[in-house]
Amino acid sequence: MIGRLLRSTTTEFLVGCRLEDVQHLPFGALVKMPWWGALDRSGMVYGLVAWMHIPEGSMARQVAVQPITPGILQDQRATVEPVEVRVLVVGYESQGEISHLLPPHPPEPMAAMHLCEEDEVVAFTSAGRLGYLRHVLQAGGDIPVPELLAAHLRQARLAHEARGQRDWVHRAVQRVIHLLRDDPPRLFWTLDALSDALPQSFTLEEAVP
Amino acid sequence: MDEVLGYVLGGSLQEGLTVRLQIPPQDIQEGAFVVMDAPGWRFFGVVTDVALRTTHPRYVENETPDLNPVLTRMLRRSTLYVTATVLPVRMMELPPDPNQDPEGYQRFLDEVHRGARDLPRPIPVKTIPPHFAPVRLADQGDVDEIFGKEKEGKTFVIGYTREQGHAVRLRLDEFIKRSAGVFGATGTGKSFLTRILLAGIMHHDVASVLLFDMHNEYAYDRQDPDRGVLIEGFKTHFPGRVRVVGLGPAATIQGRAPDYNLMIPSSEITPEDIELLTHELDLTDTAPVVLHALHQEFGSAWFERFRAMRPGAQEEYEDDNGRVRTRPAPDSVEAWAKEAGIHQGSAAALHRKLRRLFSKEYIVPHPPVNAVQQIIDDLLQGLHVVLSFGRYETDLDYLLVTNILTRKVREAWVQMTEEHRSRGEAGEPRPLVVVVEEAHKLLNRDMAVQTIFSTIAREMRKYYVTLLIVDQRPSQIYDEVMSQLGTRICGWLGDEDDIRAVLAGLANRDALRGMLARLEPREEALVMGWGVPLPIVVRTRRYDRRFWKDLMGEAGFGPGPGVDDINEVLFG
């Protein structure tokens with residue numbers, strides 16, 4: 001367990017998280033949480049960590065201009081309010097079946113959020129036809145979509161490649177190009193971010209299907 | 001063979017269909033013959049354009065130098081594509097698929113057997129295939145469906161499709177029903193193409209051929225100066241069926257004696273024949289008046305009588321006062337002119353200008369044999385006549401002789417046709433194809449109204465005589481004549497005017513113009529016109545030893561070597 005749900009909508013939820021746990025929760029990571037209303041409580045909502053906000057500590061302004069001692073840092077950590085983590089909903093699982101549509105209901109309040117294991121990342125991202133990328137590209141507000149996508153693809157690519165699925169990232173990039181092709185400025189912006197996320201050695205040996 | 005090239009995206013009957021290609025542009029060429037299948041119908045069309053497209057102009061305007069090269073490539077693959085414009089030309093109803101709808105198929109077969117419906121045939125296109133109809137290159141079956149099958153009637157391979165080398169056939173019996181033209185700039189293989197066509201016509205015996213061989217090329221074998229190979233003549237391959245006629249007495253053609261010589265009786269020359277030579281003889285405006293006066297007075301003997309007159313001849317006489325004076329001699333041109341009320345100067349000028357004709361050895365009062373009739377008889381018997389001009393290679397000879405001879409031949413055919421029609425006899429006149437090289441000399445704007453050839457072109461098949469005109473300058477040919485040509489086979493043409501002329505009167509000229517302008521300079525031709533079902537670019541057959549071997553071995557309907565041929569080979 002890495003945090004609990006504070007509030008939610010159909011497309012996004014806000015999770016409270018302890019400061020020391022944030023280091024296990026990278027930007028772009030796939031997380032999951034049981035969804036409210038699943039009859040057998042086995043259903044999961046999946047989301048990507050899209051935004052994190054660390055609130056200001058109670059004494060922060062006073063101590064910020066003074067010499068910092070380990071004690072002060074410890075106090076700060078102990079007294080700071082929970083970190084707010086915005087999670088972008090990308091799909092759900094019900095009765096063992098993964099869907100890249102939005103869940104029927106948002107998660108239950110105070111539901112526990114978990115970081116997905118690599119196997120789960122691979123299972124979720126290779127289900128269906130990469131439809132969940134739609135939700136990422138449609139994310140609004142202040143979520144930096146190209147960066148989020150780049151961070152997610154980098155993590156997911158490593159998980160897939162560790163399992164020998166080298167063409168997954170090609171399919172994902174192809175899907176992104178397809179979804180954004182009618183909006184060249186956004187597509188160029190996104191591909192620019194993806195260029196930074198892919199290693200120089202990235203080749204086209206594994207042809208796109 | 002069945003590989004799908006792409007899918008129909010849109011378009012119209014008028015402007016052609018847009019097809020998104022799945023193959024690179026270099027794998028398809030303008031003029032390619034393609035097939036599009038829709039439920040119940042198959043459409044046949046021609047690629048008239050290939051275009052590079054993008055889903056958004058930004059994708060080609062913006063360079064993306066900093067992107068990962070793989071991403072750049074993937075981006076291009078998704079946003080850049082190729083389309084082809086396909087002109088739909090024919091469509092054909094498809095019977096139900098026997099695998100999917102056996103009952104429907106059986107019903108279809110029953111209806112055909114009962115005669116309730118015809119077997120589907122390609123018809124001119126009246127609609128278009130739906131969106132996303134798959135497009136593929138035509139296979140041999142499709143080409144045969146449109147142009148004719150080997151076993152069906154008198155068909156003849158004229159060349160091969162450019163992409164896949166499928167044989168393209170010409171239905172010869174249809175071909176000769178209308179006048180046709182072979183065009184192409186000098187050196188594009190026009191005369192070889194003509195040879196190939198004529199060999200097909202002769203071999204399949206669909207018509208008699210009268211060939212005016214201005215440069216003595218067609219009858220006997222000769223060495224090709226360009227390629228250093230032997231070009232075989234028609235006499236070599238159809239010894240018993242081809243008569244070589246030499247113009248003038250003691251003519252030799254390629255060093256060989258012709259079958260017989262053509263001498264033209266001067267009585268066959270009409271004033272109109274001379275008027276036709278106005279340009280060649282540099283006749284003045286007064287010439288027709290003099291000619292008609294001559295004809296009126298002497299009838300068909302006018303030429304001989306005029307030839308015999310002595311221009312400027314004087315005689316002396318004593319006048320009433322006993323002085324010796326001179327006056328035009330009674331046999332002088334001037335004396336006749338005075339008598340006939342014609343300006344003496346005009347008559348003398350005409351006589352002077354006709355001297356070029358008077359000195360022609362092939363114009364005689366009474367030829368020893370009636371070679372004109374012999375030619376007509378030979379043609380009637382199904383033989384082919386190659387008239388070689390021997391040493392008479394000037395335009396003057398060509399214009400005069402072709403016109404007189406063709407007129408006589410046509411008169412014979414007209415008479416035969418009238419008899420056949422009025423008496424309803426079974427014996428239809430045998431079709432005749434008159435081959436005219438350098439046709440613009442006879443069919444140019446000034447001349448066409450006067451020559452017999454434009455009459456033949458206009459009459460089409462009414463009297464079973466059609467023209468095969470061969471020319472490198474179609475723009476010089478009278479457009480009324482051009483528009484009558486059913487089949488036009490055209491090699492590369494450089495001149496814009498010539499291209500326009502060849503396409504005169506055809507639908508979809510713009511599309512054809514592009515195809516024509518980009519033909520290979522040799523051994524490629526565009527076959528088009530309302531005589532052919534679909535305009536198509538072909539790699540033409542080569543006229544060589546192999547051609548003859550293939551032709552003679554072709555499962556044709558033509559007669560094999562006849563008794564005449566065998567006799568000729570054995571006994572010379």
# chains A, B, ... in the order shown; residues from 1 in each chain; ligands from 1
$ select_by_dssp --residues "region 21-176 of chain A" --states "strand (DSSP E)" --output "PyMOL selection string"
chain A and resi 30-34+44-53+83-94+97-99+112-115
$ residues_around --residues "region 91-98 of chain A" --least-positions-apart "6" --cutoff "12 Å" --atoms "only C-alpha atoms" --output "CSV table (one decimal) with C-alpha atoms, in the first residue's frame"
chain,number,residue,atom,x,y,z
A,10,THR,CA,-14.4,9.2,-13.6
A,11,THR,CA,-11.1,10.2,-15.2
A,12,GLU,CA,-8.8,11.1,-12.4
A,30,LEU,CA,1.2,2.4,-13.4
A,31,VAL,CA,-0.8,2.1,-10.2
A,32,LYS,CA,-4.0,0.3,-9.2
A,33,MET,CA,-6.8,0.5,-6.6
A,34,PRO,CA,-9.9,-1.5,-6.0
A,35,TRP,CA,-13.0,0.1,-7.6
A,36,TRP,CA,-16.1,0.9,-5.6
A,37,GLY,CA,-19.1,-1.1,-6.6
A,38,ALA,CA,-17.3,-4.2,-7.9
A,39,LEU,CA,-19.5,-6.9,-6.5
A,40,ASP,CA,-16.7,-9.3,-5.5
A,41,ARG,CA,-14.3,-6.4,-4.7
A,42,SER,CA,-11.8,-8.0,-7.1
A,43,GLY,CA,-12.0,-5.3,-9.7
A,44,MET,CA,-9.2,-2.8,-10.0
A,45,VAL,CA,-8.9,0.6,-11.5
A,46,TYR,CA,-5.6,1.4,-13.2
A,47,GLY,CA,-4.0,4.8,-13.5
A,48,LEU,CA,-0.8,6.6,-14.3
A,104,PRO,CA,-18.1,2.1,-14.5
A,105,HIS,CA,-17.5,3.8,-11.1
A,106,PRO,CA,-14.6,5.6,-9.5
A,107,PRO,CA,-12.7,3.9,-6.7
A,120,GLU,CA,1.1,-6.3,-14.2
A,121,VAL,CA,2.4,-3.5,-16.3
A,122,VAL,CA,3.1,-5.9,-19.1
A,123,ALA,CA,-0.3,-7.5,-18.7
A,124,PHE,CA,-2.2,-4.2,-18.7
A,125,THR,CA,-0.3,-2.5,-21.5
A,126,SER,CA,-0.4,-5.4,-23.9
A,127,ALA,CA,-4.1,-6.0,-23.4
A,128,GLY,CA,-6.4,-5.0,-26.3
A,129,ARG,CA,-5.1,-2.6,-28.8
A,130,LEU,CA,-3.3,0.0,-26.7
A,131,GLY,CA,-6.5,2.0,-26.3
A,132,TYR,CA,-5.5,3.3,-22.9
A,133,LEU,CA,-3.1,5.7,-24.7
A,134,ARG,CA,-6.2,7.6,-25.7
A,135,HIS,CA,-6.8,8.6,-22.1
A,136,VAL,CA,-3.2,9.7,-21.7
$ interface_residues --of "chain A" --to "chain B" --cutoff "12 Å" --atoms "only C-alpha atoms" --output "PyMOL selection string"
chain A and resi 169-209
$ atom_distance --atom1 "CA of Glu84 (chain A)" --atom2 "CA of Pro55 (chain A)"
7.8 Å
$ residues_around --residues "Gly312 (chain B)" --least-positions-apart "4" --cutoff "9 Å" --atoms "only C-alpha atoms" --output "CSV table (one decimal) with N, CA and C atoms, in the first residue's frame"
chain,number,residue,atom,x,y,z
B,328,PRO,N,0.2,30.8,-134.4
B,328,PRO,CA,0.4,29.5,-133.7
B,328,PRO,C,0.0,28.4,-134.7
B,329,ALA,N,0.9,27.4,-134.7
B,329,ALA,CA,0.6,26.2,-135.5
B,329,ALA,C,-0.7,25.6,-135.1
B,332,SER,N,-0.5,23.5,-132.0
B,332,SER,CA,0.2,24.2,-130.8
B,332,SER,C,-0.9,24.4,-129.7
B,333,VAL,N,-0.4,24.6,-128.5
B,333,VAL,CA,-1.2,24.8,-127.4
B,333,VAL,C,-2.0,26.1,-127.6
B,334,GLU,N,-1.3,27.1,-128.1
B,334,GLU,CA,-1.9,28.4,-128.3
B,334,GLU,C,-3.1,28.3,-129.3
B,348,ALA,N,-0.5,27.6,-122.0
B,348,ALA,CA,0.9,27.3,-122.2
B,348,ALA,C,1.6,27.0,-120.9
$ residues_around --residues "region 214-228 of chain B" --least-positions-apart "3" --cutoff "10 Å" --atoms "only C-alpha atoms" --output "PyMOL selection string"
chain B and resi 187+191-192+194-195+211+231-237+239+242-246+252-256+258+385-395+397-398+402+436-438
$ write_last_selection --atoms "N, CA and C atoms" --output "CSV table (one decimal), in the first residue's frame"
chain,number,residue,atom,x,y,z
B,187,GLY,N,11.6,6.8,-86.1
B,187,GLY,CA,12.5,6.0,-85.2
B,187,GLY,C,11.8,5.4,-84.0
B,191,SER,N,7.1,1.7,-88.5
B,191,SER,CA,6.9,0.9,-89.6
B,191,SER,C,7.0,-0.6,-89.2
B,192,PHE,N,7.7,-0.9,-88.2
B,192,PHE,CA,7.7,-2.3,-87.7
B,192,PHE,C,6.4,-2.7,-87.1
B,194,THR,N,3.6,-1.4,-88.1
B,194,THR,CA,2.7,-1.6,-89.3
B,194,THR,C,2.9,-3.0,-89.8
B,195,ARG,N,4.2,-3.4,-89.9
B,195,ARG,CA,4.5,-4.7,-90.5
B,195,ARG,C,3.9,-5.8,-89.6
B,211,LEU,N,-1.0,-2.2,-100.3
B,211,LEU,CA,0.0,-1.5,-99.6
B,211,LEU,C,0.8,-0.6,-100.5
B,231,ILE,N,15.6,-7.5,-92.3
B,231,ILE,CA,14.2,-7.3,-92.1
B,231,ILE,C,13.5,-8.1,-93.2
B,232,GLU,N,12.7,-9.0,-92.7
B,232,GLU,CA,12.1,-9.9,-93.7
B,232,GLU,C,10.8,-9.3,-94.3
B,233,GLY,N,10.7,-9.5,-95.6
B,233,GLY,CA,9.5,-8.9,-96.3
B,233,GLY,C,8.4,-9.8,-96.4
B,234,PHE,N,7.2,-9.3,-96.8
B,234,PHE,CA,6.0,-10.1,-96.8
B,234,PHE,C,6.1,-11.2,-97.9
B,235,LYS,N,6.8,-10.9,-99.0
B,235,LYS,CA,6.9,-11.9,-100.0
B,235,LYS,C,7.6,-13.1,-99.6
B,236,THR,N,8.5,-12.9,-98.6
B,236,THR,CA,9.3,-14.1,-98.1
B,236,THR,C,8.3,-15.1,-97.4
B,237,HIS,N,7.4,-14.5,-96.6
B,237,HIS,CA,6.6,-15.3,-95.7
B,237,HIS,C,5.2,-15.7,-96.3
B,239,PRO,N,4.6,-16.1,-99.9
B,239,PRO,CA,5.0,-16.0,-101.3
B,239,PRO,C,3.9,-16.1,-102.3
B,242,VAL,N,1.1,-12.9,-101.7
B,242,VAL,CA,1.5,-11.5,-101.9
B,242,VAL,C,2.0,-11.3,-103.3
B,243,ARG,N,1.4,-10.3,-103.9
B,243,ARG,CA,1.8,-9.9,-105.3
B,243,ARG,C,2.6,-8.6,-105.1
B,244,VAL,N,3.8,-8.6,-105.6
B,244,VAL,CA,4.6,-7.4,-105.6
B,244,VAL,C,4.5,-6.7,-107.0
B,245,VAL,N,4.0,-5.5,-107.0
B,245,VAL,CA,3.8,-4.8,-108.2
B,245,VAL,C,4.8,-3.6,-108.3
B,246,GLY,N,5.5,-3.5,-109.4
B,246,GLY,CA,6.5,-2.4,-109.5
B,246,GLY,C,5.9,-1.3,-110.4
B,252,THR,N,12.7,-2.7,-110.9
B,252,THR,CA,13.2,-3.7,-110.0
B,252,THR,C,13.1,-3.2,-108.6
B,253,ILE,N,12.8,-4.1,-107.7
B,253,ILE,CA,12.6,-3.8,-106.3
B,253,ILE,C,13.6,-4.5,-105.5
B,254,GLN,N,14.5,-3.9,-104.9
B,254,GLN,CA,15.6,-4.5,-104.1
B,254,GLN,C,16.3,-5.5,-105.0
B,255,GLY,N,16.5,-5.1,-106.3
B,255,GLY,CA,17.2,-5.9,-107.2
B,255,GLY,C,16.5,-7.1,-107.7
B,256,ARG,N,15.2,-7.2,-107.4
B,256,ARG,CA,14.4,-8.3,-107.9
B,256,ARG,C,13.3,-7.8,-108.8
B,258,PRO,N,9.6,-7.5,-109.9
B,258,PRO,CA,8.3,-7.7,-109.3
B,258,PRO,C,7.4,-8.7,-110.0
B,385,VAL,N,-1.5,-7.0,-102.3
B,385,VAL,CA,-0.7,-6.3,-103.3
B,385,VAL,C,0.2,-5.3,-102.6
B,386,VAL,N,1.5,-5.4,-102.8
B,386,VAL,CA,2.4,-4.4,-102.4
B,386,VAL,C,2.8,-3.7,-103.6
B,387,LEU,N,2.5,-2.4,-103.7
B,387,LEU,CA,2.9,-1.6,-104.9
B,387,LEU,C,4.1,-0.8,-104.5
B,388,SER,N,5.2,-1.3,-105.1
B,388,SER,CA,6.5,-0.6,-104.8
B,388,SER,C,6.7,0.5,-105.8
B,389,PHE,N,7.2,1.6,-105.4
B,389,PHE,CA,7.3,2.7,-106.3
B,389,PHE,C,8.7,2.7,-107.0
B,390,GLY,N,9.5,1.8,-106.7
B,390,GLY,CA,10.8,1.6,-107.4
B,390,GLY,C,11.5,2.9,-107.4
B,391,ARG,N,11.9,3.4,-108.5
B,391,ARG,CA,12.7,4.6,-108.5
B,391,ARG,C,11.8,5.9,-108.6
B,392,TYR,N,10.5,5.7,-108.6
B,392,TYR,CA,9.6,6.9,-108.6
B,392,TYR,C,9.3,7.3,-107.2
B,393,GLU,N,10.2,7.9,-106.6
B,393,GLU,CA,10.1,8.1,-105.1
B,393,GLU,C,9.6,9.5,-104.8
B,394,THR,N,9.3,10.3,-105.8
B,394,THR,CA,8.9,11.7,-105.4
B,394,THR,C,7.4,11.7,-104.9
B,395,ASP,N,7.1,12.8,-104.2
B,395,ASP,CA,5.7,13.0,-103.8
B,395,ASP,C,4.8,13.0,-104.9
B,397,ASP,N,4.8,11.4,-107.7
B,397,ASP,CA,4.4,10.0,-108.1
B,397,ASP,C,3.5,9.4,-107.1
B,398,TYR,N,3.9,9.6,-105.9
B,398,TYR,CA,3.1,9.0,-104.8
B,398,TYR,C,1.6,9.5,-104.8
B,402,THR,N,-1.2,6.7,-106.1
B,402,THR,CA,-2.1,6.2,-105.0
B,402,THR,C,-3.5,6.7,-105.2
B,436,VAL,N,-1.6,3.4,-96.3
B,436,VAL,CA,-1.0,4.6,-96.8
B,436,VAL,C,0.1,5.1,-95.9
B,437,GLU,N,1.3,5.0,-96.3
B,437,GLU,CA,2.4,5.6,-95.6
B,437,GLU,C,2.5,7.1,-95.9
B,438,GLU,N,3.2,7.8,-95.0
B,438,GLU,CA,3.3,9.3,-95.1
B,438,GLU,C,1.9,9.8,-95.5
$ closest_residue --among "A:His100, A:Arg77, A:His160, A:Leu88" --to "Glu118 (chain A)" --atoms "only C-alpha atoms"
A:His160
$ decode --residues "region 129-145 of chain A" --atoms "N, CA and C atoms" --output "CSV table (one decimal), in the first residue's frame"
chain,number,residue,atom,x,y,z
A,129,ARG,N,-5.8,-3.2,-27.7
A,129,ARG,CA,-5.1,-2.6,-28.8
A,129,ARG,C,-4.5,-1.2,-28.4
A,130,LEU,N,-4.0,-1.2,-27.2
A,130,LEU,CA,-3.3,0.0,-26.7
A,130,LEU,C,-4.3,1.2,-26.6
A,131,GLY,N,-5.5,0.9,-26.4
A,131,GLY,CA,-6.5,2.0,-26.3
A,131,GLY,C,-6.3,2.9,-25.2
A,132,TYR,N,-5.6,2.5,-24.1
A,132,TYR,CA,-5.5,3.3,-22.9
A,132,TYR,C,-4.7,4.6,-23.3
A,133,LEU,N,-3.9,4.5,-24.4
A,133,LEU,CA,-3.1,5.7,-24.7
A,133,LEU,C,-4.0,6.9,-25.1
A,134,ARG,N,-5.2,6.6,-25.5
A,134,ARG,CA,-6.2,7.6,-25.7
A,134,ARG,C,-6.4,8.5,-24.5
A,135,HIS,N,-6.6,7.8,-23.3
A,135,HIS,CA,-6.8,8.6,-22.1
A,135,HIS,C,-5.6,9.5,-21.8
A,136,VAL,N,-4.4,9.0,-22.0
A,136,VAL,CA,-3.2,9.7,-21.7
A,136,VAL,C,-3.2,11.0,-22.6
A,137,LEU,N,-3.5,10.8,-23.9
A,137,LEU,CA,-3.4,11.9,-24.8
A,137,LEU,C,-4.5,12.9,-24.6
A,138,GLN,N,-5.6,12.5,-24.0
A,138,GLN,CA,-6.7,13.4,-23.8
A,138,GLN,C,-6.6,14.1,-22.5
A,139,ALA,N,-5.7,13.8,-21.6
A,139,ALA,CA,-5.6,14.4,-20.3
A,139,ALA,C,-5.5,15.9,-20.4
A,140,GLY,N,-6.3,16.5,-19.6
A,140,GLY,CA,-6.3,18.0,-19.7
A,140,GLY,C,-5.6,18.6,-18.4
A,141,GLY,N,-6.0,19.9,-18.2
A,141,GLY,CA,-5.5,20.6,-17.0
A,141,GLY,C,-4.0,20.8,-17.1
A,142,ASP,N,-3.4,20.7,-16.0
A,142,ASP,CA,-1.9,21.0,-16.0
A,142,ASP,C,-1.1,19.8,-16.1
A,143,ILE,N,-1.6,18.7,-16.5
A,143,ILE,CA,-0.8,17.5,-16.7
A,143,ILE,C,0.1,17.6,-17.9
A,144,PRO,N,1.4,17.5,-17.8
A,144,PRO,CA,2.3,17.6,-19.0
A,144,PRO,C,2.2,16.3,-19.8
A,145,VAL,N,1.3,16.3,-20.7
A,145,VAL,CA,1.0,15.0,-21.4
A,145,VAL,C,2.2,14.4,-22.1
